[in-house]
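Chemist: Input query.txt, format and content: compact mmCIF, C-alpha atoms.
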# COMPACT_ATOMS: atom_id res chain seq x y z
CA THR A 355 90.75 108.94 -56.34
CA LEU A 356 93.26 110.47 -53.95
CA PHE A 357 91.41 111.62 -50.86
CA ARG A 358 93.15 113.46 -48.09
CA SER A 359 91.12 114.90 -45.27
CA ASP A 360 91.91 118.50 -44.38
CA CYS A 361 90.28 118.28 -40.95
CA SER A 362 92.26 119.89 -38.12
CA PRO A 363 95.06 117.55 -37.00
CA ALA A 364 93.74 116.62 -33.57
CA ARG A 365 96.20 113.80 -33.15
CA LEU A 366 96.75 111.32 -30.35
CA ALA A 367 100.52 111.46 -30.65
CA ILE A 368 102.97 110.73 -27.88
CA SER A 369 104.19 114.03 -26.43
CA SER A 370 107.56 115.21 -27.62
CA GLN A 371 108.79 115.42 -24.05
CA ARG A 372 108.49 111.62 -23.72
CA THR A 373 107.45 111.92 -20.09
CA GLU A 374 104.79 109.18 -20.12
CA SER A 375 105.31 106.30 -17.76
CA VAL A 376 106.18 102.86 -19.09
CA LEU A 377 102.76 101.71 -17.88
CA THR A 378 100.93 104.27 -20.02
CA MET A 379 103.12 103.46 -23.01
CA SER A 380 102.36 99.76 -22.76
CA SER A 381 98.62 100.05 -22.07
CA ALA A 382 97.58 102.70 -24.58
CA PRO A 383 96.67 101.19 -27.98
CA THR A 384 99.06 102.15 -30.75
CA LEU A 385 97.97 104.13 -33.79
CA LEU A 386 98.02 101.06 -36.05
CA MET A 387 95.84 98.95 -33.74
CA ARG A 388 93.40 101.84 -33.25
CA LEU A 389 93.18 102.22 -37.02
CA VAL A 390 92.62 98.49 -37.57
CA ALA A 391 90.00 98.44 -34.76
CA SER A 392 88.18 101.34 -36.39
CA ALA A 393 88.46 99.80 -39.86
CA TYR A 394 86.92 96.61 -38.45
CA SER A 395 83.81 98.48 -37.23
CA ILE A 396 83.64 100.56 -40.42
CA ALA A 397 83.84 97.38 -42.55
CA ASP A 398 81.12 95.78 -40.44
CA LYS A 399 78.86 98.78 -41.04
CA SER A 400 79.76 98.63 -44.75
CA GLY A 401 78.50 95.05 -44.90
CA LYS A 402 75.16 96.19 -43.51
CA LEU A 403 74.97 98.96 -46.12
CA VAL A 404 75.66 96.43 -48.90
CA ARG A 405 72.86 94.17 -47.63
CA ASN A 406 70.45 97.09 -47.19
CA VAL A 407 70.90 98.26 -50.80
CA MET A 408 70.22 94.74 -52.07
CA SER A 409 67.16 94.35 -49.81
CA ALA A 410 65.72 97.68 -51.00
CA GLY A 411 65.76 96.34 -54.56
CA ASP A 412 67.25 99.33 -56.42
CA LEU A 413 70.94 98.73 -57.04
CA GLY A 414 71.42 102.02 -58.94
CA ILE A 415 73.78 100.41 -61.48
CA VAL A 416 76.05 102.67 -63.55
CA GLU A 417 78.47 101.43 -66.24
CA LYS A 418 81.88 103.04 -65.66
CA GLY A 419 83.90 101.44 -68.44
CA GLY A 420 81.62 98.86 -70.01
CA ALA A 421 79.41 95.97 -68.97
CA ASP A 422 82.16 94.37 -66.85
CA ASP A 423 83.06 97.60 -65.02
CA LEU A 424 80.00 98.52 -62.97
CA GLN A 425 79.24 100.77 -60.03
CA THR A 426 76.20 100.41 -57.78
CA LYS A 427 74.55 102.46 -55.05
CA ALA A 428 76.32 100.14 -52.59
CA ASP A 429 79.77 101.05 -54.03
CA ARG A 430 78.94 104.74 -53.62
CA LEU A 431 77.47 104.59 -50.11
CA VAL A 432 80.18 102.29 -48.75
CA GLN A 433 83.06 104.38 -50.11
CA LYS A 434 81.56 107.54 -48.61
CA SER A 435 81.08 105.73 -45.30
CA ILE A 436 84.61 104.31 -45.15
CA CYS A 437 86.51 107.39 -46.32
CA THR A 438 84.58 109.88 -44.21
CA SER A 439 84.59 107.69 -41.09
CA LEU A 440 88.37 107.24 -41.34
CA ALA A 441 88.95 110.96 -41.98
CA ARG A 442 86.97 111.94 -38.88
CA LYS A 443 89.19 109.83 -36.63
CA PHE A 444 92.47 109.92 -38.53
CA PRO A 445 92.65 113.24 -40.40
CA LEU A 446 96.26 112.86 -41.53
CA LEU A 447 95.77 109.53 -43.33
CA THR A 448 95.92 109.27 -47.10
CA VAL A 449 92.87 107.28 -48.23
CA ILE A 450 92.64 106.07 -51.84
CA GLY A 451 89.29 104.61 -52.90
CA GLU A 452 88.20 102.92 -56.11
CA GLU A 453 85.27 105.21 -56.84
CA ASP A 454 85.75 108.78 -58.02
CA LEU A 455 83.29 110.46 -55.66
CA PRO A 456 82.95 113.83 -53.90
CA LEU A 457 83.12 113.42 -50.13
CA SER A 458 81.29 116.58 -49.11
CA ASP A 459 77.82 116.50 -47.54
CA VAL A 460 78.06 112.87 -46.40
CA GLU A 461 75.03 111.91 -44.33
CA GLU A 462 75.74 111.39 -40.62
CA GLU A 463 74.04 107.99 -40.74
CA LEU A 464 76.89 106.76 -42.96
CA ILE A 465 79.54 107.62 -40.36
CA GLU A 466 80.86 104.84 -38.12
CA ALA A 467 82.61 106.16 -34.99
CA GLY A 468 83.02 102.85 -33.16
CA HIS A 469 85.89 100.40 -32.94
CA SER A 470 86.43 96.72 -32.23
CA GLU A 471 87.44 96.03 -28.63
CA GLU A 472 88.49 92.56 -29.73
CA VAL A 473 91.16 94.01 -32.06
CA LEU A 474 92.45 96.28 -29.30
CA LYS A 475 93.11 93.26 -27.05
CA HIS A 476 96.04 92.41 -29.34
CA SER A 477 99.44 94.07 -28.96
CA CYS A 478 100.91 95.89 -31.91
CA PRO A 479 104.00 94.24 -33.43
CA ALA A 480 107.11 96.11 -32.25
CA GLN A 481 108.15 97.24 -35.73
CA TYR A 482 104.92 99.24 -36.16
CA ARG A 483 104.64 100.93 -32.75
CA GLY A 484 106.23 104.19 -33.83
CA ILE A 485 104.20 104.75 -37.01
CA LYS A 486 102.80 108.24 -37.57
CA GLU A 487 99.37 108.82 -39.08
CA GLU A 488 100.69 110.71 -42.09
CA GLU A 489 102.95 107.75 -42.97
CA LEU A 490 100.02 105.43 -43.65
CA VAL A 491 98.10 104.92 -46.91
CA VAL A 492 94.71 103.19 -46.84
CA TRP A 493 93.44 101.47 -50.01
CA VAL A 494 89.66 101.01 -50.18
CA ASP A 495 87.55 98.81 -52.44
CA PRO A 496 84.00 99.50 -51.25
CA LEU A 497 82.53 96.53 -53.13
CA ASP A 498 84.93 93.95 -54.53
CA GLY A 499 82.95 91.74 -56.92
CA THR A 500 80.45 94.38 -58.05
CA LYS A 501 79.48 92.43 -61.18
CA GLU A 502 78.74 89.34 -59.12
CA TYR A 503 76.72 91.47 -56.67
CA THR A 504 74.50 92.64 -59.54
CA GLU A 505 74.05 89.01 -60.67
CA GLY A 506 73.11 87.66 -57.25
CA LEU A 507 76.39 85.75 -56.65
CA LEU A 508 76.43 87.23 -53.19
CA ASP A 509 79.09 85.08 -51.53
CA HIS A 510 81.67 86.46 -54.00
CA VAL A 511 81.31 90.00 -52.62
CA THR A 512 83.72 91.62 -50.13
CA VAL A 513 84.52 95.06 -48.70
CA LEU A 514 88.29 95.70 -48.58
CA ILE A 515 90.25 98.12 -46.38
CA GLY A 516 94.03 97.73 -46.76
CA ILE A 517 96.65 99.62 -44.74
CA ALA A 518 100.12 100.28 -46.15
CA TYR A 519 103.29 101.63 -44.55
CA GLU A 520 106.48 102.46 -46.48
CA GLY A 521 104.84 101.02 -49.60
CA LYS A 522 104.07 97.65 -48.02
CA ALA A 523 100.66 96.16 -47.15
CA ILE A 524 100.89 95.65 -43.37
CA ALA A 525 97.26 95.26 -42.27
CA GLY A 526 93.96 94.43 -43.87
CA VAL A 527 90.27 94.13 -43.09
CA ILE A 528 87.91 92.07 -45.29
CA ASN A 529 84.16 92.06 -44.69
CA GLN A 530 82.08 89.36 -46.37
CA PRO A 531 78.53 90.79 -46.23
CA TYR A 532 76.84 87.57 -47.31
CA TYR A 533 78.88 84.98 -45.46
CA ASN A 534 76.37 82.30 -44.36
CA TYR A 535 73.63 83.55 -46.69
CA GLN A 536 72.79 80.00 -47.83
CA ALA A 537 72.70 78.61 -44.29
CA GLY A 538 69.00 79.29 -43.67
CA ASN A 539 66.87 82.06 -42.20
CA ASP A 540 68.31 81.77 -38.70
CA ALA A 541 71.94 82.16 -39.80
CA VAL A 542 73.87 85.29 -38.85
CA LEU A 543 74.83 87.05 -42.08
CA GLY A 544 78.31 88.43 -42.68
CA ARG A 545 81.73 88.26 -41.07
CA THR A 546 84.83 90.41 -40.80
CA ILE A 547 88.33 88.98 -41.25
CA TRP A 548 91.39 91.03 -40.27
CA GLY A 549 95.13 90.64 -40.13
CA VAL A 550 98.35 92.46 -39.22
CA LEU A 551 101.84 91.39 -40.32
CA GLY A 552 103.78 90.01 -37.37
CA LEU A 553 100.54 89.36 -35.44
CA GLY A 554 98.41 87.01 -37.53
CA SER A 555 94.96 86.97 -39.12
CA PHE A 556 91.65 86.42 -37.37
CA GLY A 557 87.95 85.79 -37.97
CA PHE A 558 88.22 82.49 -39.88
CA GLN A 559 89.58 78.95 -39.51
CA LEU A 560 92.93 78.57 -41.31
CA LYS A 561 92.95 75.46 -43.48
CA GLU A 562 95.21 74.14 -46.23
CA VAL A 563 94.36 72.22 -49.39
CA PRO A 564 95.48 68.56 -48.96
CA ASP A 565 99.11 67.87 -49.95
CA GLY A 566 99.58 67.17 -53.63
CA LYS A 567 96.28 68.77 -54.66
CA HIS A 568 96.55 71.73 -57.06
CA ILE A 569 93.35 73.74 -57.13
CA ILE A 570 93.55 77.09 -58.90
CA THR A 571 91.12 79.94 -58.31
CA THR A 572 90.93 82.56 -61.03
CA THR A 573 88.78 85.23 -62.62
CA ARG A 574 85.18 84.56 -63.52
CA SER A 575 84.49 87.61 -65.70
CA HIS A 576 87.91 88.75 -67.02
CA SER A 577 89.32 85.61 -68.61
CA ASN A 578 91.42 85.56 -71.82
CA LYS A 579 93.94 83.35 -73.64
CA LEU A 580 96.84 84.53 -71.46
CA VAL A 581 94.96 83.72 -68.26
CA ASN A 582 94.01 80.27 -69.54
CA ASP A 583 97.48 79.47 -70.94
CA CYS A 584 99.07 80.31 -67.60
CA ILE A 585 96.62 78.09 -65.70
CA ALA A 586 97.04 75.19 -68.15
CA ALA A 587 100.84 75.30 -67.69
CA MET A 588 100.34 74.58 -63.98
CA ASN A 589 98.52 71.32 -64.71
CA PRO A 590 95.85 71.84 -62.04
CA ASP A 591 93.57 69.14 -60.66
CA LYS A 592 90.73 71.65 -60.65
CA VAL A 593 90.05 75.28 -61.69
CA VAL A 594 87.54 77.40 -59.78
CA ARG A 595 86.27 80.59 -61.45
CA VAL A 596 84.86 83.15 -59.02
CA GLY A 597 84.54 86.91 -58.68
CA GLY A 598 86.47 89.23 -56.38
CA ALA A 599 90.12 89.29 -55.26
CA GLY A 600 89.06 89.31 -51.61
CA ASN A 601 86.94 86.22 -52.18
CA LYS A 602 89.84 84.38 -53.86
CA ILE A 603 92.19 85.07 -50.96
CA ILE A 604 89.55 83.76 -48.54
CA GLN A 605 89.48 80.58 -50.65
CA LEU A 606 93.25 80.24 -50.15
CA ILE A 607 93.18 80.69 -46.37
CA GLU A 608 90.18 78.38 -45.92
CA GLY A 609 91.62 75.50 -47.97
CA GLN A 610 89.28 75.77 -50.97
CA ALA A 611 92.11 76.62 -53.40
CA SER A 612 95.88 76.31 -53.41
CA ALA A 613 96.74 79.15 -55.81
CA TYR A 614 95.16 82.35 -57.12
CA VAL A 615 96.41 82.84 -60.68
CA PHE A 616 95.46 85.89 -62.76
CA ALA A 617 97.79 86.50 -65.73
CA SER A 618 96.21 89.71 -66.98
CA LEU A 619 95.56 93.39 -66.45
CA GLY A 620 92.48 94.32 -64.46
CA CYS A 621 93.35 93.99 -60.79
CA LYS A 622 94.17 97.22 -58.95
CA LYS A 623 95.90 98.16 -55.72
CA TRP A 624 92.63 98.49 -53.77
CA ASP A 625 91.81 94.91 -54.83
CA THR A 626 95.04 93.43 -53.48
CA CYS A 627 96.19 95.56 -50.50
CA ALA A 628 93.89 94.18 -47.77
CA PRO A 629 93.89 90.57 -49.08
CA GLU A 630 97.69 90.60 -49.38
CA ALA A 631 98.10 91.71 -45.75
CA VAL A 632 95.68 89.05 -44.46
CA LEU A 633 97.41 86.35 -46.53
CA HIS A 634 100.95 87.42 -45.62
CA ALA A 635 100.06 87.54 -41.92
CA VAL A 636 99.45 83.76 -42.00
CA GLY A 637 102.59 82.96 -44.01
CA GLY A 638 101.20 83.14 -47.55
CA LYS A 639 102.55 85.11 -50.48
CA LEU A 640 100.99 87.44 -53.09
CA THR A 641 102.98 89.03 -55.92
CA ASP A 642 102.66 89.90 -59.58
CA ILE A 643 103.04 87.08 -62.12
CA HIS A 644 106.85 87.63 -62.14
CA GLY A 645 107.11 87.22 -58.37
CA ASN A 646 107.63 90.97 -57.75
CA ALA A 647 106.14 92.45 -54.57
CA PHE A 648 103.48 95.13 -55.02
CA GLN A 649 104.09 98.69 -53.83
CA TYR A 650 101.30 100.61 -52.11
CA HIS A 651 102.69 104.10 -51.52
CA LYS A 652 100.37 106.97 -52.42
CA GLU A 653 102.04 107.86 -55.75
CA VAL A 654 102.05 104.31 -57.17
CA LYS A 655 100.04 103.53 -60.31
CA HIS A 656 96.73 101.93 -59.43
CA MET A 657 96.77 99.10 -61.99
CA ASN A 658 98.51 95.81 -61.18
CA SER A 659 99.60 95.55 -64.80
CA ALA A 660 101.61 92.32 -64.40
CA GLY A 661 98.78 90.22 -62.99
CA VAL A 662 98.55 88.41 -59.64
CA LEU A 663 99.96 85.16 -58.27
CA ALA A 664 99.12 84.14 -54.69
CA THR A 665 99.33 81.02 -52.53
CA LEU A 666 99.05 80.09 -48.87
CA ARG A 667 101.86 77.52 -49.27
CA ASN A 668 104.17 76.23 -52.06
CA PHE A 669 104.45 79.54 -53.90
CA ASP A 670 107.53 78.41 -55.86
CA TYR A 671 105.71 75.39 -57.31
CA TYR A 672 103.35 77.76 -59.17
CA ALA A 673 105.80 80.62 -59.81
CA LYS A 674 108.26 78.43 -61.72
CA ARG A 675 105.47 77.13 -63.98
CA VAL A 676 104.44 80.56 -65.29
CA PRO A 677 105.27 80.39 -69.03
CA GLU A 678 107.90 82.79 -70.38
CA ALA A 679 105.40 83.96 -73.03
CA VAL A 680 103.05 85.05 -70.24
CA LYS A 681 105.85 86.93 -68.45
CA GLU A 682 106.86 88.67 -71.66
CA ALA A 683 103.28 89.77 -72.30
CA LEU A 684 102.79 91.26 -68.82
CA VAL A 685 105.14 94.14 -68.10
CA PRO A 686 105.21 95.41 -64.48
Starting from the file, lay out its structure as structure tokens.
Modeler:
Amino acid sequence: TLFRSDCSPARLAISSQRTESVLTMSSAPTLLMRLVASAYSIADKSGKLVRNVMSAGDLGIVEKGGADDLQTKADRLVQKSICTSLARKFPLLTVIGEEDLPLSDVEEELIEAGHSEEVLKHSCPAQYRGIKEEELVVWVDPLDGTKEYTEGLLDHVTVLIGIAYEGKAIAGVINQPYYNYQAGNDAVLGRTIWGVLGLGSFGFQLKEVPDGKHIITTTRSHSNKLVNDCIAAMNPDKVVRVGGAGNKIIQLIEGQASAYVFASLGCKKWDTCAPEAVLHAVGGKLTDIHGNAFQYHKEVKHMNSAGVLATLRNFDYYAKRVPEAVKEALVP
């Protein structure tokens, strides 16, 4: 779905006369930080929508391409909320969402107009201060881990909003609607993690797997011989099979896994854009199975046809163990 808002371009651009004082220039939040701050609040609202649909009991499940490719009422409501909320504030953005949905007649209650003051306390990295709205592409997965959501594996589920500039993932927001859901009735449900390249990632405690331990996280519902052959070649101490790309990247940054290995088709740009930015902002690396960087410009094909390989540390240890037969089978 390629969604471009055609709202009037009421933009907060710096005047062409460049007459603003240095003080104003330094104190006014940049476009990128305003966008990330808005995406944070939108993702937070999305998490509430995901929980509300589950609580109401009718998931409204539709099969898109078979039993492993599902869409729920939560996917539909969250995509409408994210895309329309972003378009209201940033009409010149290109927003690409997973679900093929019309965005007319979106209920006002789905719109989130707020922003995170906490995000705006951070200064924008110098290399991104001059970005124009129309140069950004936002990749949206309204419910990453839909199959797990329908099966009650709620901690696998994330909402992903990734921001790309010049084809590169530079910022990401990940909401985990059911973070803490097993911590008892008094626990606060949900959290939002965010990151910007050159600034860092926030909303979690960065932790690494102990040295010498090789724990691989991989697909739960899309496994095949290629996936398993690739994992076996890495001689892991442990293999964890979970749903959702966002969830797997959280495992990497919280020390629950040392590598995310997925030697197959299936993952798409909206699955990897936000997680890649959050991971890269803390020094990790996410590529295809060949070690090629992903491109996120608006004309790129949506499928990550050469799989995914990601680590927080020691990327080369895993990359050099990918079998040649796996590389030959997965063409970028």
Chemist: Quick check, in Å to one decimal: how far apart do CA of Ile515 (chain A) and CA of Asp495 (chain A) lie?
Modeler: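 We find that CA of Ile515 (chain A) and CA of Asp495 (chain A) lie 6.7 Å from each other.
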Chemist: Between CA of Tyr394 (chain A) and CA of Val527 (chain A), what is the distance in Å, rounded to a tenth?
Modeler: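 Value for the CA of Tyr394 (chain A)-CA of Val527 (chain A) distance: 6.2 Å.
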Chemist: Fewer than 3 positions away in the same chain doesn't count, so skip those; otherwise give me all residues within 8 Å of region 569-578 of chain A, counting only C-alpha atoms, as an MDAnalysis selection string.
Modeler: chainID A and resid 422 563 581:582 585 590:598 602 605 610:616 618 620
Chemist: Just checking: using only C-alpha atoms, which residue out of A:Gly566, A:Asn589, A:Lys674, A:Arg388 ends up closest to Glu487 (chain A)?
Modeler: A:Arg388
Chemist: For Lys567 (chain A), which of A:Lys522, A:His634, A:Arg667, A:Lys639 is the closest residue, counting only C-alpha atoms?
Modeler: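 Of all the options, A:Arg667 lies closest to Lys567 (chain A).
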Chemist: When you count all atoms listed in the file, which of these residues is closest to Leu440 (chain A): A:Ala518, A:Ala467, A:Val542, A:Leu619?
Modeler: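 Between A:Ala518, A:Ala467, A:Val542, A:Leu619, the residue approaching Leu440 (chain A) most closely is A:Ala467.
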Chemist: Which of these, A:Thr384, A:Ser439, A:Thr626, A:Thr500, has the shortest distance to Ile415 (chain A) once you count all atoms listed in the file?
Modeler: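 Result for the nearest residue to Ile415 (chain A): A:Thr500.
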Chemist: Contacts of Leu580 (chain A) at 10 Å or less, counting all atoms listed in the file, minus same-chain residues fewer than 3 places along, as a PyMOL selection string?
Modeler: chain A and resi 577+583-586+616-618+677+679-681+683-684
Chemist: Would you kindly return, as a list in words, each protein, DNA or RNA residue with an atom no farther than 12 Å from any atom of Phe669 (chain A), considering all atoms listed in the file and excluding same-chain residues fewer than 4 positions away?
Modeler: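 In the requested format, the answer is His568, Met588, Leu606, Ser612, Ala613, Tyr614, Val615, His634, Gly637, Gly638, Lys639, Leu640, Thr641, Asp642, Ile643, His644, Gly645, Leu663, Ala664, Thr665, Ala673, Lys674, Arg675 and Val676 of chain A.
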Chemist: From the options A:Asn668, A:Asn529, A:Ser470, A:Thr438, which residue's atoms come nearest to Phe558 (chain A), counting only C-alpha atoms?
Modeler: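 Looking only at the distances to Phe558 (chain A), the closest residue turns out to be A:Asn529.
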Chemist: If you measure from CA of Leu403 (chain A) to CA of Val491 (chain A), what distance in Å do you get, rounded to one decimal?
Modeler: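 It comes out at 23.9 Å.
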Chemist: Using only C-alpha atoms, determine which residues lie at most 10 Å from region 448-464 of chain A, disregarding the query and same-chain residues fewer than 2 positions distant; provide the list as an MDAnalysis selection string.
Modeler: chainID A and resid 355:359 396 399:400 403 418 425 429:441 444:446 466:467 487:498 514:518 622:625 651:652 656
Chemist: Pick out the closest residue to Ser392 (chain A) from this set: A:Tyr482, A:Gly506, A:Ser409, A:Gly526. Count only C-alpha atoms.
Modeler: A:Gly526
